[in-house]
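One structure is given below, encoded as structure tokens.
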Amino acid sequence: MAAVILKNITKAFGSVIAVNDVTLEIPDGKVTALLGPSGCGKTTMLLMLAGIYQPTKGEIYFDEVMVNGIPPKLRNVGLVFQSYALYPHMTVYDNIAFPLKLKKVPKDEIRARVQEIAKIVQIDDLLQRKPGQISGGQQQRVALCRALVKNPDLLLLDEPLSNLDARLRIETRAEIKRIQQELGITTILVTHDQVEAVTMADHVAVMRKGVIQQYSTPEDLLLKPANMFVASFIGDPPMNLLETEVTSHEGRPVFRCGAELHIPIPPQVAVSLEQRRAKEFILGIRPEHLEILDERQELAFRGTVSMVELLGRDKLVDFRFGDVAIRALVPAEVNIHEGEEKWVRPQPHRIHLFDKEERRAVRFAG
Amino acid sequence: MKRRGYGMVFLLLLPALLIILAFYVVPAVLTGTMSLTNMDHRLSWNFVGLQNYKQMLQDTILSRVFWNTIVYVFGTLLCFNVTFGLLLALATSYIAERQGERTSMFFRALWLLPRFTPPIVYGVIWLWILDPTRNGLLNGVLDFFGGKPVSWISKYPVQVIVLTNGVIGASFGMILFYSAITSISKEYNWAAAVDGAGWLQRIRYVTLPLIRWPLMFVTAYQTLSLLTSYEYILIITGGGPFYRTTVWSLYAYNEAFGGYYASYRFGYATALTLVLVVISMVASIIYWRVFRFREMMSEPKIEVI
Amino acid sequence: MRTMKRVAFLAVLAAAVMLLAFSFGVAAKETITIRAWTVGPDTPAFHRAENLVTAGERLNQMLEAVGADIRVEVDADFWTDDWDSFRRRVILASEEGDPNVVPDIFVSSHLDIPVWASSGWLEPLDELIAPYWESTYEDFFPHLWDSVTYNGKVWGVPQDIEVRMVFYRKDHLQALGWTEEEIADLARRVEEKEFLLSDLVALAREMRDAGLVDYPIVHRPTSGPDFFQFVVAFGGDYYDAEADKLVIDRAALEATLKFFADNANEGLTPDGMTTWPWPAVHRAIAIEGTAGMQITGGMWFWAEWQRDFGITEDELWENLTWTLIPAGNEQGRPNQLGHPLAYMVTAPSRHKELAALLITLASEVDLNTRHALEAAKLAIRRSQTAFPRFTESEYLAEAAKLVPHQIFSAAHAAFGRYTSALHEAVGGVETGALTPAQGVDLIIQRVTQAVGDDVIIR
Amino acid sequence: MAQLKTERAQLSRFSPERLRVEARKEKSKDRALTVFIYAFLIVASLPIILGYGWLLLNSFSETLAYGVLPKGWTIKNFRFLWELPSRYYPDLWRTTWNTLLLAVGMTVIMILIATPAAYVISRMKFPGRSMMLAMTLILHSFPGVTLLISLYYVLRSLNLLNSIVGVFLVKAGLMLPLGIWIMKGFFDNVSWDVEMSGLVDGASRLQTLYKIVLPQVKPGIAAMAIFSFINGWSEYIYVITFIQKKESWTLSSYVNSIIGDFQFIDYGLLSATALFYILPVLLFFIFTQKYLMTVTVGGTKG
């Protein structure tokens, strides 16, 4: 097992900087996700960890050992590619056995280990097939076997679920998690899918344009986004983000968003905002943190439902205030229709404010 | 609907079929007919039945020529067109991957030079390299180290024609293999690196199996190319010394046009050619079967035409 | 006598020109194009075409002098690609027979005459050149006409002739202690059969033993009629003109092959002689002197050595001397083989008389001499030998002395094959692949493949 | 499972020192491989480098002493660029133009013929599909040159003698098998979904071929064009046999006629013309080789 430490890692391809001064500590035996939109440098990070790319600057440590310049074959990592990269001319068995064969492990042992790992991953009945003859989910498992069979210190997964259909994705997600936990192997997962990151990882590093935006637990990503990018990237449906001004309306402190929307500011927030000079912010509220009420209550504001969308267990409700729209997520059984007038109340502790210029989260006693 | 559909197939194939008809089928039929005549420089069609084929059976040189052909074709094919072409492709792709595309291209362009050169000039270059006197490159080097000049062509005639043809032939394989190697998805190479494979192991277990079609295609295609090639042999060794390097197609060429004052025995020459065509056809059918080229045909997923 | 001939020539010419002028005179200012295909392939022979062009210019001057309205334009092509492609071009064009494609005149080897004449592609010239016989053609060396006669008819006008010879390195002879007189006397000794091929071999041995040369004897690597010189030197023959059949003389062929085999076995002829490139042979004998003798030399080499290797004529004189091919034995005779080229008039030509007239004009002494000088060829006309520019060339004058012993290639359609077969056999015995006797069998097989039993085997 | 876990625990990892030693070993192995590969390429290329170097020396020197050492630098060997070697040579620029015409003509014909044929073989369902592919292989076994006389008759009856068109048609015919194989490889790799969506959008198969599939196989067309251009540029025997007029000569005939019967060679002139001949194709290759390097023969990738 290994903890991985990245110190000021930069990777440039010519003039293009793919990874910019990343420092990260990845704990031993846990799953860590690198999350970000495509082109954010997360796969480059992965390939640097595998030893395929060498960082332009900075140092990578596996435990205390600096591995810069150490070739992939000595790093003892397992890597599962997005495309799985199963050798099409080899049978499943040969694919899995390949790393062991290269290590000159005796044949009997290879057989034993391949069969064992195949059983864990539940593909022991496919061993004699060729990759072209099995389904995408099965290929994914084979790729996982190939990565695991050599008992790697570090398991690297590049978008492991992206080629699978929705149902298989959920299944495999759980499967990988199970295997990881059983083997206790340090795992780094690269994904653009926040659900994947949030459900599988113990820690998530959100990346954008080669820079780490936030590195925290999944909960903190949702509840304490470090900046607007994270706030908007994480969460589905996305957070409501509204340009706002702190002012007073009808004698009470409000966030004024556009001409028609005035959101009352909870008293404890108002106190901490008073000490600030800036009056203009970006206000962020997650749809699931908006309550819809039939009657007026404290801190609620009134709006007309402009659209209702059923999303399985939930309902997405849109309110429109002139040129400003706001969305709320409520349980599906809530009875609500277009055109109805409702009261909306944000949960006071779930209000986020971001600096208008720097887009960083404004901390206040919430 | 269906009939109209095949009409489309036919229409698209038509230009190719016309060319094949005009420049393969008709000449082949003409050649077949010609082989039943004793046509000479007068180009008159005097039919003599199977006389030319009978003569072939009595031709004591022909068995020597046959074995020369086998040695030449498979020697050149295996040493150069396939193996050496592959080595060049691997080496240049290695350089392209590590050192940069330019150096790699320099070597590839270098190896294509012979193909761009008029055969006669290419021949002149080799004749200088292999010159039997001290003025040649090899003997000049030998001389420098105090050796005696060697008459390379007469000492190593077979090696010479294999080498000189191989240097040209290698570039065909080089191009096809190089492009096949570079089109292998990077992820396979990365996967192999992570799995612990060195460069050689990667070639052995990943690269070679993935370029198996180009390998087989070059083998088959170049066998046939070599069977019908004679130009460079004619220029460099002239088929000698004493038929040591006379291959079948050169022999046929000589019967038609070669020698100090050509024989113009078109009847006999075409009979020889026809035998060569039959040999090549058999070879191509064998390759087709053994290499299972039919598997290269993936079923069309669109059935409408 | 000479002036008389000159006058006669002009008279005939005038008559021809007048005839030409009147026969086409109807139309206003007409230009007749005469096309000619000539071949080198060696570049210095370009006067084969150039002379026809000049003849055309001269004819036009005459036509202008008589006030005729017609002019001749000569479109002469000179081929410097190889013989093979030139012949293929002639054959394919002639087979088609389209007068727009086939030219009016060919200049090619006399060897082509039997082949092309028997195919009906050429026009017999007996009548066409008859008007100019006394003025021009009587002046030609008579034996040249034999080389262009086939089936009793004349098919070509000899264009040039050369001799083949054995070249010796003078400097090596001197190193062996030969005096200038002895060297000068060598040609006579060969001619009078005092110096035989066996002596030549002994001389080669001496040169080698004295460490003078790497390659005592070299010969042409490629196929050529030169090898028949040795058959004649060993008392054999290769053609029976009366019967128009090739002759295979077993004894002489075997002796010839044995000569080459022994030389190769003894290392006098370098290993793999038949695989040498030509330039290496030239450099060895003419430039570097690493060879002692070139036994299949040709007089036209003289011009090319100077052009291609940057050597001067003086240097050549200093280093080289030559003789006939020495006799091989008592029955044989010293000889040298000539290979005349000839003008031919094609059968499809629309202007055969005009073509003959142009050929006659191109055969004028001054024109032919400039060709001889440029390409190092011999005189074809008696009066040429007295022509000042010709006599000024010491080389041509000296080489001309070999002419009386000239033999020709056989005017037979299968002679080319015979030539190749002999060359193959030489290659075979030199590499030890064949014994001389097997070599003869091979020749018989190759020749009979082409002509069946239509061959005389002695 | 338990077993695997204990095994993992027992697995001794490299100590940092050991790892560094191993890494250094790998690195030196890697460097040795690079050196070896360079050495291989250079040694193997020596005949070519030296041979063409010799050609270059020849073209710029009066004469070569001992066949190698240049004596007297000169550009007179290149005089053929502004004057004819003799008046019996056709004009150089016209000859170059003819060569270009032949090469381009052949390329165009190849594209027009091989592309639709390869498309049909690769992507249309009809009986005898794989037989067609097998046939192209068999066609390649016809020795072009010994069919010379028969081809002469064919061209004559088509009235194509003495024309560049006749020559490039014959050449295109001989190149056809290779062209079909190359193009088939490219067509094989075009996604079926793309073509299907074209059909669904209302285009006919022919329209999808033209508008959707062809743009995707452009590199293939380029690669085939390069192959055939090079092939056409160097054609000799058909030109010299089927074209009687020197005005229609191409550069290879020009070069050949400098050598003649091989007895005497003006090495300087020969080398200079050869370089002149090689240069355009070489440049052409350098600028287009990225397409040539995309050729795939055989089944679908992967």
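Simple scheme: letters A, B, ... for chains in structure tokens order, numbers from 1 for residues in each chain, numbers from 1 for ligands in the order shown.
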
Q: Using only C-alpha atoms, find the residues of chain C whose closest atom to chain B is at most 9 Å away, then write them as a ChimeraX atom specification.
A: /C:83-85,87-88,91-92,95,111-112,115-116,118-120,222-225,270-277,280,284,290,413-417,419-420,424-431,433,442,445-446,449-450

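Within the 10 Å cut-off around Val211 (chain A), using only C-alpha atoms and omitting residues fewer than 6 positions from it on the same chain, the listed residues are Thr10, Ala18, Val19, Asn20, Asp21, Val22, Thr23, Cys40, Gly41, Lys42 and Ala205 of chain A.
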
What residues in chain B lie within 6 Å of chain D, counting only C-alpha atoms, written as an mmCIF file with N, CA, C and O atoms, in the first residue's frame?
```cif
data_model
loop_
_atom_site.group_PDB
_atom_site.id
_atom_site.type_symbol
_atom_site.label_atom_id
_atom_site.label_comp_id
_atom_site.auth_asym_id
_atom_site.auth_seq_id
_atom_site.Cartn_x
_atom_site.Cartn_y
_atom_site.Cartn_z
ATOM 1 N N LEU B 12 -20.338 1.191 -59.869
ATOM 2 C CA LEU B 12 -19.143 1.655 -59.168
ATOM 3 C C LEU B 12 -17.919 0.817 -59.530
ATOM 4 O O LEU B 12 -16.794 1.283 -59.501
ATOM 5 N N LEU B 13 -18.180 -0.435 -59.854
ATOM 6 C CA LEU B 13 -17.065 -1.305 -60.220
ATOM 7 C C LEU B 13 -16.677 -1.144 -61.683
ATOM 8 O O LEU B 13 -15.606 -1.571 -62.096
ATOM 9 N N PRO B 15 -15.605 1.185 -63.851
ATOM 10 C CA PRO B 15 -14.308 1.676 -64.337
ATOM 11 C C PRO B 15 -13.193 0.664 -64.097
ATOM 12 O O PRO B 15 -12.388 0.391 -65.001
ATOM 13 N N ALA B 16 -13.192 0.089 -62.885
ATOM 14 C CA ALA B 16 -12.166 -0.897 -62.579
ATOM 15 C C ALA B 16 -12.289 -2.098 -63.507
ATOM 16 O O ALA B 16 -11.294 -2.606 -64.024
ATOM 17 N N ILE B 19 -10.919 -1.331 -66.966
ATOM 18 C CA ILE B 19 -9.462 -1.327 -66.979
ATOM 19 C C ILE B 19 -8.927 -2.757 -66.908
ATOM 20 O O ILE B 19 -7.999 -3.132 -67.622
ATOM 21 N N PRO B 27 -4.995 -8.643 -72.735
ATOM 22 C CA PRO B 27 -3.597 -9.022 -72.930
ATOM 23 C C PRO B 27 -3.319 -10.459 -72.514
ATOM 24 O O PRO B 27 -2.521 -11.137 -73.150
ATOM 25 N N LEU B 30 -4.516 -12.605 -75.274
ATOM 26 C CA LEU B 30 -3.571 -12.454 -76.388
ATOM 27 C C LEU B 30 -2.280 -13.210 -76.105
ATOM 28 O O LEU B 30 -1.750 -13.908 -76.971
ATOM 29 N N ALA B 91 12.394 0.618 -35.934
ATOM 30 C CA ALA B 91 13.449 1.548 -35.525
ATOM 31 C C ALA B 91 13.008 2.994 -35.737
ATOM 32 O O ALA B 91 13.166 3.835 -34.855
ATOM 33 N N PHE B 116 12.670 6.175 -55.583
ATOM 34 C CA PHE B 116 12.486 7.385 -56.380
ATOM 35 C C PHE B 116 13.504 7.479 -57.505
ATOM 36 O O PHE B 116 13.423 8.362 -58.340
ATOM 37 N N THR B 117 14.499 6.621 -57.477
ATOM 38 C CA THR B 117 15.612 6.742 -58.410
ATOM 39 C C THR B 117 15.324 5.939 -59.664
ATOM 40 O O THR B 117 14.778 4.842 -59.563
ATOM 41 N N ILE B 125 24.750 3.003 -59.217
ATOM 42 C CA ILE B 125 25.272 3.190 -57.858
ATOM 43 C C ILE B 125 25.778 1.874 -57.284
ATOM 44 O O ILE B 125 26.881 1.788 -56.750
ATOM 45 N N ASN B 135 38.355 0.659 -57.513
ATOM 46 C CA ASN B 135 37.570 1.882 -57.648
ATOM 47 C C ASN B 135 36.199 1.779 -57.000
ATOM 48 O O ASN B 135 35.516 2.771 -56.846
ATOM 49 N N SER B 179 3.164 2.874 -40.739
ATOM 50 C CA SER B 179 1.866 3.515 -40.511
ATOM 51 C C SER B 179 0.983 2.624 -39.661
ATOM 52 O O SER B 179 0.181 3.119 -38.869
ATOM 53 N N ALA B 180 1.151 1.312 -39.785
ATOM 54 C CA ALA B 180 0.363 0.423 -38.923
ATOM 55 C C ALA B 180 0.798 0.572 -37.468
ATOM 56 O O ALA B 180 -0.031 0.641 -36.567
ATOM 57 N N TRP B 213 -2.101 -8.055 -40.053
ATOM 58 C CA TRP B 213 -2.634 -7.949 -41.418
ATOM 59 C C TRP B 213 -1.638 -7.308 -42.373
ATOM 60 O O TRP B 213 -1.363 -7.879 -43.443
ATOM 61 N N PRO B 214 -1.096 -6.144 -42.027
ATOM 62 C CA PRO B 214 -0.082 -5.600 -42.930
ATOM 63 C C PRO B 214 1.080 -6.570 -43.169
ATOM 64 O O PRO B 214 1.565 -6.689 -44.292
ATOM 65 N N LEU B 224 4.410 -11.727 -54.996
ATOM 66 C CA LEU B 224 3.985 -11.619 -56.385
ATOM 67 C C LEU B 224 4.792 -10.548 -57.114
ATOM 68 O O LEU B 224 5.178 -10.721 -58.270
ATOM 69 N N THR B 228 7.589 -11.271 -60.483
ATOM 70 C CA THR B 228 7.555 -10.674 -61.817
ATOM 71 C C THR B 228 8.635 -9.618 -62.019
ATOM 72 O O THR B 228 8.656 -8.949 -63.031
ATOM 73 N N VAL B 277 2.625 -16.724 -64.714
ATOM 74 C CA VAL B 277 1.312 -16.245 -64.254
ATOM 75 C C VAL B 277 0.605 -17.342 -63.465
ATOM 76 O O VAL B 277 0.040 -17.100 -62.404
ATOM 77 N N SER B 280 2.195 -17.709 -60.119
ATOM 78 C CA SER B 280 1.820 -16.597 -59.237
ATOM 79 C C SER B 280 0.386 -16.729 -58.760
ATOM 80 O O SER B 280 0.064 -16.428 -57.610
ATOM 81 N N MET B 281 -0.476 -17.168 -59.665
ATOM 82 C CA MET B 281 -1.877 -17.318 -59.290
ATOM 83 C C MET B 281 -2.015 -18.368 -58.201
ATOM 84 O O MET B 281 -2.724 -18.149 -57.214
ATOM 85 N N SER B 284 -0.909 -16.865 -55.063
ATOM 86 C CA SER B 284 -1.827 -15.917 -54.440
ATOM 87 C C SER B 284 -3.017 -16.637 -53.836
ATOM 88 O O SER B 284 -3.532 -16.235 -52.792
ATOM 89 N N MET B 296 -10.479 -10.514 -43.500
ATOM 90 C CA MET B 296 -10.337 -9.062 -43.584
ATOM 91 C C MET B 296 -11.632 -8.417 -44.050
ATOM 92 O O MET B 296 -11.795 -7.209 -43.984
ATOM 93 N N PRO B 300 -20.693 -5.952 -44.213
ATOM 94 C CA PRO B 300 -21.276 -4.610 -44.238
ATOM 95 C C PRO B 300 -22.472 -4.558 -43.301
ATOM 96 O O PRO B 300 -23.251 -5.494 -43.249
#
```

Output as a Markdown table one row per residue of chain A within 10 Å of chain B: the closest atom pair and its distance in Å to one decimal place, counting only C-alpha atoms, sorted by chain and residue number ascending.
```
| residue | atom | partner | partner_atom | distance |
| --- | --- | --- | --- | --- |
| A:Leu47 | CA | B:Trp190 | CA | 8.7 |
| A:Ala50 | CA | B:Val194 | CA | 6.8 |
| A:Gly51 | CA | B:Val194 | CA | 8.0 |
| A:Ile52 | CA | B:Trp190 | CA | 6.8 |
| A:Tyr53 | CA | B:Trp190 | CA | 9.9 |
| A:Pro71 | CA | B:Ala193 | CA | 8.3 |
| A:Pro72 | CA | B:Val194 | CA | 5.1 |
| A:Lys73 | CA | B:Gly196 | CA | 4.0 |
| A:Leu74 | CA | B:Gly196 | CA | 7.4 |
| A:Arg75 | CA | B:Val194 | CA | 8.2 |
| A:Asn76 | CA | B:Val194 | CA | 7.8 |
| A:Val77 | CA | B:Val194 | CA | 6.9 |
| A:Gly78 | CA | B:Val194 | CA | 6.9 |
| A:Leu79 | CA | B:Val194 | CA | 6.9 |
| A:Val80 | CA | B:Ala191 | CA | 8.2 |
| A:Phe81 | CA | B:Glu187 | CA | 7.3 |
| A:Gln82 | CA | B:Glu187 | CA | 9.1 |
| A:Ser83 | CA | B:Glu187 | CA | 8.0 |
| A:Tyr84 | CA | B:Glu187 | CA | 8.3 |
| A:Ala85 | CA | B:Tyr188 | CA | 5.4 |
| A:Leu86 | CA | B:Tyr188 | CA | 7.4 |
| A:Tyr87 | CA | B:Tyr188 | CA | 7.0 |
| A:Pro88 | CA | B:Leu210 | CA | 8.0 |
| A:His89 | CA | B:Pro209 | CA | 6.6 |
| A:Met90 | CA | B:Pro209 | CA | 9.0 |
| A:Ile96 | CA | B:Asp195 | CA | 9.8 |
| A:Ala97 | CA | B:Asp195 | CA | 9.8 |
| A:Phe98 | CA | B:Asp195 | CA | 7.1 |
| A:Pro99 | CA | B:Asp195 | CA | 4.6 |
| A:Leu100 | CA | B:Asp195 | CA | 8.2 |
| A:Lys101 | CA | B:Gly196 | CA | 9.4 |
| A:Leu102 | CA | B:Gly196 | CA | 6.3 |
| A:Lys103 | CA | B:Gly196 | CA | 7.3 |
| A:Ala143 | CA | B:Ala191 | CA | 9.9 |
| A:Arg146 | CA | B:Asp195 | CA | 8.3 |
| A:Ala147 | CA | B:Asp195 | CA | 7.9 |
| A:Lys150 | CA | B:Asp195 | CA | 8.5 |
```

Q: Provide the CA of Asn77 (chain D) to CA of Leu138 (chain B) distance in Å, to one decimal place.
A: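 Taking CA of Asn77 (chain D) and CA of Leu138 (chain B), their separation equals 26.1 Å.
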
Which of region 12-171 of chain D counts as strand (DSSP E or B) under DSSP, as an mmCIF file with all heavy atoms, in the first residue's frame please?
```
data_model
loop_
_atom_site.group_PDB
_atom_site.id
_atom_site.type_symbol
_atom_site.label_atom_id
_atom_site.label_comp_id
_atom_site.auth_asym_id
_atom_site.auth_seq_id
_atom_site.Cartn_x
_atom_site.Cartn_y
_atom_site.Cartn_z
ATOM 1 N N SER D 61 31.574 17.281 -59.832
ATOM 2 C CA SER D 61 33.009 17.263 -60.071
ATOM 3 C C SER D 61 33.303 16.886 -61.517
ATOM 4 O O SER D 61 32.494 16.254 -62.192
ATOM 5 C CB SER D 61 33.685 16.297 -59.109
ATOM 6 O OG SER D 61 33.125 15.027 -59.249
ATOM 7 N N GLU D 62 34.470 17.310 -61.967
ATOM 8 C CA GLU D 62 34.887 17.024 -63.343
ATOM 9 C C GLU D 62 34.980 15.521 -63.536
ATOM 10 O O GLU D 62 34.425 14.940 -64.440
ATOM 11 C CB GLU D 62 36.257 17.655 -63.603
ATOM 12 C CG GLU D 62 36.275 19.175 -63.530
ATOM 13 C CD GLU D 62 35.950 19.799 -64.871
ATOM 14 O OE1 GLU D 62 35.752 19.041 -65.836
ATOM 15 O OE2 GLU D 62 35.867 21.035 -64.940
ATOM 16 N N THR D 63 35.739 14.910 -62.653
ATOM 17 C CA THR D 63 35.884 13.467 -62.718
ATOM 18 C C THR D 63 36.296 12.971 -61.344
ATOM 19 O O THR D 63 36.783 13.733 -60.516
ATOM 20 C CB THR D 63 36.920 13.043 -63.776
ATOM 21 O OG1 THR D 63 37.256 11.686 -63.581
ATOM 22 C CG2 THR D 63 38.183 13.890 -63.695
ATOM 23 N N LEU D 64 36.038 11.728 -61.068
ATOM 24 C CA LEU D 64 36.377 11.192 -59.764
ATOM 25 C C LEU D 64 37.623 10.322 -59.883
ATOM 26 O O LEU D 64 37.622 9.331 -60.606
ATOM 27 C CB LEU D 64 35.226 10.364 -59.200
ATOM 28 C CG LEU D 64 33.933 11.108 -58.884
ATOM 29 C CD1 LEU D 64 32.916 10.149 -58.304
ATOM 30 C CD2 LEU D 64 34.185 12.249 -57.922
ATOM 31 N N ALA D 65 38.670 10.696 -59.168
ATOM 32 C CA ALA D 65 39.856 9.866 -59.175
ATOM 33 C C ALA D 65 39.596 8.634 -58.330
ATOM 34 O O ALA D 65 38.992 8.731 -57.265
ATOM 35 C CB ALA D 65 41.039 10.650 -58.611
ATOM 36 N N LEU D 69 37.418 10.254 -55.282
ATOM 37 C CA LEU D 69 37.904 11.579 -54.953
ATOM 38 C C LEU D 69 37.604 12.557 -56.074
ATOM 39 O O LEU D 69 38.040 12.372 -57.207
ATOM 40 C CB LEU D 69 39.426 11.529 -54.721
ATOM 41 C CG LEU D 69 39.850 10.535 -53.644
ATOM 42 C CD1 LEU D 69 41.360 10.408 -53.608
ATOM 43 C CD2 LEU D 69 39.308 10.976 -52.298
ATOM 44 N N PRO D 70 36.843 13.599 -55.766
ATOM 45 C CA PRO D 70 36.488 14.546 -56.821
ATOM 46 C C PRO D 70 37.724 15.324 -57.273
ATOM 47 O O PRO D 70 38.547 15.728 -56.453
ATOM 48 C CB PRO D 70 35.497 15.482 -56.129
ATOM 49 C CG PRO D 70 35.215 14.905 -54.806
ATOM 50 C CD PRO D 70 36.290 13.962 -54.471
ATOM 51 N N LYS D 71 37.848 15.468 -58.558
ATOM 52 C CA LYS D 71 38.938 16.273 -59.118
ATOM 53 C C LYS D 71 38.296 17.448 -59.819
ATOM 54 O O LYS D 71 37.689 17.290 -60.863
ATOM 55 C CB LYS D 71 39.733 15.435 -60.128
ATOM 56 C CG LYS D 71 41.068 14.924 -59.608
ATOM 57 C CD LYS D 71 41.998 14.623 -60.765
ATOM 58 C CE LYS D 71 41.858 13.182 -61.206
ATOM 59 N NZ LYS D 71 42.669 12.807 -62.337
ATOM 60 N N GLY D 72 38.389 18.604 -59.248
ATOM 61 C CA GLY D 72 37.865 19.792 -59.913
ATOM 62 C C GLY D 72 36.365 19.936 -59.765
ATOM 63 O O GLY D 72 35.601 19.179 -60.349
ATOM 64 N N TRP D 73 35.973 20.909 -58.960
ATOM 65 C CA TRP D 73 34.541 21.144 -58.793
ATOM 66 C C TRP D 73 33.992 21.882 -60.006
ATOM 67 O O TRP D 73 34.651 22.713 -60.590
ATOM 68 C CB TRP D 73 34.280 21.962 -57.529
ATOM 69 C CG TRP D 73 34.735 21.244 -56.310
ATOM 70 C CD1 TRP D 73 35.893 21.451 -55.616
ATOM 71 C CD2 TRP D 73 34.077 20.171 -55.658
ATOM 72 N NE1 TRP D 73 35.985 20.578 -54.566
ATOM 73 C CE2 TRP D 73 34.888 19.776 -54.563
ATOM 74 C CE3 TRP D 73 32.878 19.480 -55.884
ATOM 75 C CZ2 TRP D 73 34.537 18.741 -53.708
ATOM 76 C CZ3 TRP D 73 32.537 18.466 -55.031
ATOM 77 C CH2 TRP D 73 33.361 18.104 -53.958
#
```

Q: Find the residue from A:Met45, A:Gln181, A:Thr172, A:Glu159 that sits nearest to chain D; use only C-alpha atoms when measuring.
A: A:Gln181

Q: Tell me which protein, DNA and RNA residues are within 8 Å of region 382-384 of chain C, counting only C-alpha atoms, leaving out same-chain ones fewer than 2 positions away, and put them as a list of chain:residue names.
A: C:Asp139, C:Phe140, C:Phe141, C:Val365, C:Thr369, C:Ala379, C:Ile380, C:Ala386, C:Phe387, C:Phe390

Q: Tell me which protein, DNA and RNA residues are within 6 Å of region 187-198 of chain A, counting only C-alpha atoms, leaving out same-chain ones fewer than 5 positions away, and put them as an MDAnalysis selection string.
A: chainID A and resid 31:37 154:159 218

Convert the current residue selection to file output with N, CA and C atoms, as a tab-separated table (two decimals), in the first residue's frame.
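Saved file part_4.tsv follows:
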```
chain	number	residue	atom	x	y	z
A	31	VAL	N	-9.92	5.64	-1.60
A	31	VAL	CA	-10.18	6.00	-2.99
A	31	VAL	C	-10.18	7.51	-3.11
A	32	THR	N	-9.38	8.00	-4.04
A	32	THR	CA	-9.35	9.44	-4.27
A	32	THR	C	-9.76	9.68	-5.71
A	33	ALA	N	-10.63	10.65	-5.89
A	33	ALA	CA	-11.07	10.92	-7.26
A	33	ALA	C	-10.46	12.23	-7.75
A	34	LEU	N	-10.06	12.23	-9.02
A	34	LEU	CA	-9.70	13.48	-9.69
A	34	LEU	C	-10.87	13.81	-10.58
A	35	LEU	N	-11.53	14.91	-10.26
A	35	LEU	CA	-12.77	15.21	-10.95
A	35	LEU	C	-12.62	16.52	-11.71
A	36	GLY	N	-13.13	16.53	-12.91
A	36	GLY	CA	-13.05	17.78	-13.65
A	36	GLY	C	-13.56	17.59	-15.06
A	37	PRO	N	-13.85	18.68	-15.74
A	37	PRO	CA	-14.31	18.56	-17.12
A	37	PRO	C	-13.17	18.06	-18.02
A	154	LEU	N	-0.74	0.72	-6.12
A	154	LEU	CA	-1.60	1.84	-6.44
A	154	LEU	C	-2.46	1.43	-7.63
A	155	LEU	N	-3.77	1.66	-7.51
A	155	LEU	CA	-4.65	1.32	-8.62
A	155	LEU	C	-5.15	2.62	-9.24
A	156	LEU	N	-4.94	2.75	-10.54
A	156	LEU	CA	-5.33	3.97	-11.23
A	156	LEU	C	-6.47	3.64	-12.18
A	157	LEU	N	-7.55	4.37	-12.08
A	157	LEU	CA	-8.70	4.09	-12.94
A	157	LEU	C	-9.02	5.34	-13.75
A	158	ASP	N	-8.98	5.21	-15.07
A	158	ASP	CA	-9.27	6.36	-15.92
A	158	ASP	C	-10.69	6.22	-16.45
A	159	GLU	N	-11.59	7.04	-15.97
A	159	GLU	CA	-12.99	7.01	-16.41
A	159	GLU	C	-13.51	5.58	-16.50
A	218	PRO	N	-16.31	14.32	-0.22
A	218	PRO	CA	-17.45	14.60	-1.09
A	218	PRO	C	-18.48	15.51	-0.42
```

Q | Neighbour list for Asp366 (chain C) as a list in words, cut-off 10 Å, only C-alpha atoms, skip fewer than 2 positions in-chain | A |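 Skipping anything fewer than 2 positions along the chain leaves Asn51, Ala362, Ser363, Glu364, Asn368, Thr369, Arg370, His371, Ala372, Gln384, Phe387, Pro388, Arg389 and Phe390 of chain C.
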
(Q) Quick one: residues within 8 Å of region 356-359 of chain A, only C-alpha atoms, excluding same-chain residues fewer than 3 positions away - as a ChimeraX atom specification? (A) /A:227-229,280-282

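Taking only region 228-362 of chain A, the residues that DSSP calls alpha helix (DSSP H) from the backbone come to Met228, Phe229, Val230, Ala231, Ser232, Phe233, Pro267, Gln268, Val269, Ala270, Val271, Ser272, Leu273 and Glu274 of chain A.
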